[in-house]
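Everything below concerns the one structure shown next.
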Amino acid sequence: MIVFSVLVTFTIAGFAQARKYIPQTPEYLKCQYGKYYKDVGKPPSCNPFGQSCPPPYFCRGGPADERGYCCKTENPCKAGKPYTRNGDAPNCLGVNAVRCARGYTCVGSTTSYSVCCKGCTYRGKSYFPFEQFLNSEGQECTCGQNGQVTCTVGYPIKCNYKGREYNNGEIFKDGCQSCKCSNGQVSCRKERCAYCYYNGKKYQEGENFPATDGCNTCTCGGNGSVGCTKIGCPKFCFYNGQKYSVGQKFPATDGCNTCTCESTGGISCTEIGCNPGGYTG
């Protein structure tokens, strides 16, 4: 009889100890896709026959009007289901947030929308498995199923634009345009400005200036646009019955000054006083 009593006592103690380390959570308390923020870390606050939950949540209550939690209706993860503990997807942002397990990344911008999904965390951003993206060095990276990001090995992608080289992701100005180098290509968008750039010089809106051909006139218009007249420029000058090319110099008829053929077709001459007969006094 003594042996039997000891055996029963030991069995009951072992059973109690096993129950202590295997807690049972009612099914209606489990939210496999995450809980509404007012329910996170608090007692159940809804029941299917009373208080309703805001979309996109539903009330997972128990039988006989037992209260439950407001659970997410849809899976927020693109690959697989969220990381769970005993059937419940804990939040990874806010108070009492969990740290995502290896191979998972925190997805969501607020406490109630945050869960741990399969994916990668790379330089502070979250990516889903097989998602591809470019890093700041212009390398193509891929998020693996193991939570690791692999990037191609090679030289950073650069852009060549109007004789200059820019790094991938670099933003720069081209007159009134804001441009960005992305994956070897430059894209620009116009911005409002009260000045223009022409032939390397800056002009104010409404300002007139000579065109590069030397005979037309340009005007700085709105939003950085430049408009020029389209007068046909002569390529030759005629002086004293002779034909000269633009830029060509030749003696004036007075014999002591020098003239130049201008791009406008006109003639410009120096105005040195001439000494008739060569008398020096």
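Please note that chains go A, B, ... in the order of the structure tokens, that every chain numbers its residues from 1, and that ligands are numbered from 1 in the order shown.
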
(request) Write out as a ChimeraX atom specification the residues lying within 6 Å of Cys261 (chain A), counting only C-alpha atoms and excluding same-chain residues fewer than 2 positions away. (result) /A:237,246-248,267

(request) For region 54-64 of chain A, work out the shell of residues within 12 Å, counting only C-alpha atoms and skipping chain neighbours fewer than 6 positions away, then give it as a PyMOL selection string. (result) chain A and resi 25-39+44-48+70-76+112-113

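When the distance limit is 7 Å and only C-alpha atoms are what count, the residues near Gln204 (chain A), minus those fewer than 2 positions from it on the same chain, are Ala194, Tyr195, Cys196, Lys202, Gly206, Glu207 and Cys220 of chain A.
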
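The shell of residues at most 12 Å from Gly108 (chain A), with only C-alpha atoms counted and near chain neighbours (fewer than 3 positions) removed, consists of A:Gly34, A:Pro76, A:Cys77, A:Pro82, A:Asn91, A:Cys92, A:Leu93, A:Gly94, A:Thr105, A:Thr111, A:Ser112, A:Tyr113, A:Ser114, A:Val115, A:Cys116, A:Cys117, A:Lys125, A:Ser126, A:Tyr127.
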
Written file, previous selection with C-alpha atoms, as a compact mmCIF listing (two decimals), in the first residue's frame:
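Okay, this is what ended up in result-v3.txt:
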```txt
# COMPACT_ATOMS: atom_id res chain seq x y z
CA GLY A 34 -2.42 39.60 -36.86
CA PRO A 76 -0.61 40.50 -45.51
CA CYS A 77 2.37 38.43 -46.70
CA PRO A 82 3.13 35.28 -41.15
CA ASN A 91 3.11 42.40 -33.98
CA CYS A 92 6.67 43.48 -34.80
CA LEU A 93 6.12 47.23 -34.29
CA GLY A 94 4.98 49.17 -31.24
CA THR A 105 11.16 40.62 -42.07
CA THR A 111 1.39 48.31 -34.79
CA SER A 112 -1.81 46.63 -35.93
CA TYR A 113 -0.62 46.18 -39.51
CA SER A 114 2.79 44.81 -38.57
CA VAL A 115 3.61 41.10 -38.82
CA CYS A 116 6.69 39.05 -39.61
CA CYS A 117 6.58 37.82 -43.22
CA LYS A 125 13.93 48.31 -46.14
CA SER A 126 11.82 45.15 -46.35
CA TYR A 127 11.66 42.87 -49.39
```

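By only C-alpha atoms, and with residues fewer than 5 positions from Tyr239 (chain A) along its chain excluded, the set lying at most 10 Å from it is Tyr244, Phe250, Ala252, Thr253, Cys259, Cys261, Gly266 and Ile267 of chain A.
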
(request) Pick out the residues sitting within 8 Å of Ala79 (chain A), and hand them over as a VMD selection string; count only C-alpha atoms, and ignore anything fewer than 4 positions along from it in its own chain. (result) chain A and resid 117 to 118 128 to 129

(request) Write down as a PyMOL selection string the residues of region 18-200 of chain A whose backbone DSSP state falls under strand (DSSP E or B). (result) chain A and resi 35+46+57-60+68-72+85+88+104-107+115-118+120-122+125-127+132-134+140-143+149-151+158-161+164-167+171-174+177-182+185-190+195-198

(request) Do a neighbour search on Asp213 (chain A) at 10 Å with only C-alpha atoms, toss out local chain neighbours closer than 5 positions, and write the hits as number ranges by chain. (result) A: 232-233, 263-264

Could you write those residues out with all heavy atoms, as a PDB file, in the first residue's frame?
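Final output, result.pdb:
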```
ATOM      1  N   GLY A 232      18.523  84.010 -92.099  1.00  0.00           N
ATOM      2  CA  GLY A 232      19.635  83.362 -92.788  1.00  0.00           C
ATOM      3  C   GLY A 232      20.892  84.201 -92.691  1.00  0.00           C
ATOM      4  O   GLY A 232      20.899  85.392 -93.064  1.00  0.00           O
ATOM      5  N   CYS A 233      21.966  83.638 -92.214  1.00  0.00           N
ATOM      6  CA  CYS A 233      23.205  84.391 -92.008  1.00  0.00           C
ATOM      7  C   CYS A 233      24.080  84.331 -93.258  1.00  0.00           C
ATOM      8  O   CYS A 233      24.336  83.246 -93.783  1.00  0.00           O
ATOM      9  CB  CYS A 233      23.993  83.818 -90.831  1.00  0.00           C
ATOM     10  SG  CYS A 233      23.062  83.830 -89.286  1.00  0.00           S
ATOM     11  N   SER A 263      29.917  88.181 -89.466  1.00  0.00           N
ATOM     12  CA  SER A 263      28.978  87.107 -89.794  1.00  0.00           C
ATOM     13  C   SER A 263      27.634  87.640 -90.269  1.00  0.00           C
ATOM     14  O   SER A 263      26.852  86.934 -90.903  1.00  0.00           O
ATOM     15  CB  SER A 263      28.763  86.194 -88.577  1.00  0.00           C
ATOM     16  OG  SER A 263      28.244  86.946 -87.495  1.00  0.00           O
ATOM     17  N   THR A 264      27.357  88.911 -89.959  1.00  0.00           N
ATOM     18  CA  THR A 264      26.105  89.526 -90.407  1.00  0.00           C
ATOM     19  C   THR A 264      26.167  89.965 -91.865  1.00  0.00           C
ATOM     20  O   THR A 264      25.165  90.398 -92.424  1.00  0.00           O
ATOM     21  CB  THR A 264      25.789  90.740 -89.531  1.00  0.00           C
ATOM     22  OG1 THR A 264      26.877  91.665 -89.608  1.00  0.00           O
ATOM     23  CG2 THR A 264      25.566  90.335 -88.078  1.00  0.00           C
TER      24      THR A 264
END
```

(request) Kindly indicate which residue among A:Val153, A:Tyr203, A:Thr260, A:Glu137 lies nearest to Cys181 (chain A), using only C-alpha atoms for the distances. (result)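 Counting only C-alpha atoms, the residue closest to Cys181 (chain A) is A:Glu137.
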
(message) Just list as a list in words whatever in region 12-225 of chain A DSSP marks as alpha helix (DSSP H).
(response)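 Residues of region 12-225 of chain A classed as alpha helix (DSSP H): Ile12, Ala13, Gly14, Phe15, Ala16, Gln17, Ala18, Arg19 and Lys20 of chain A.
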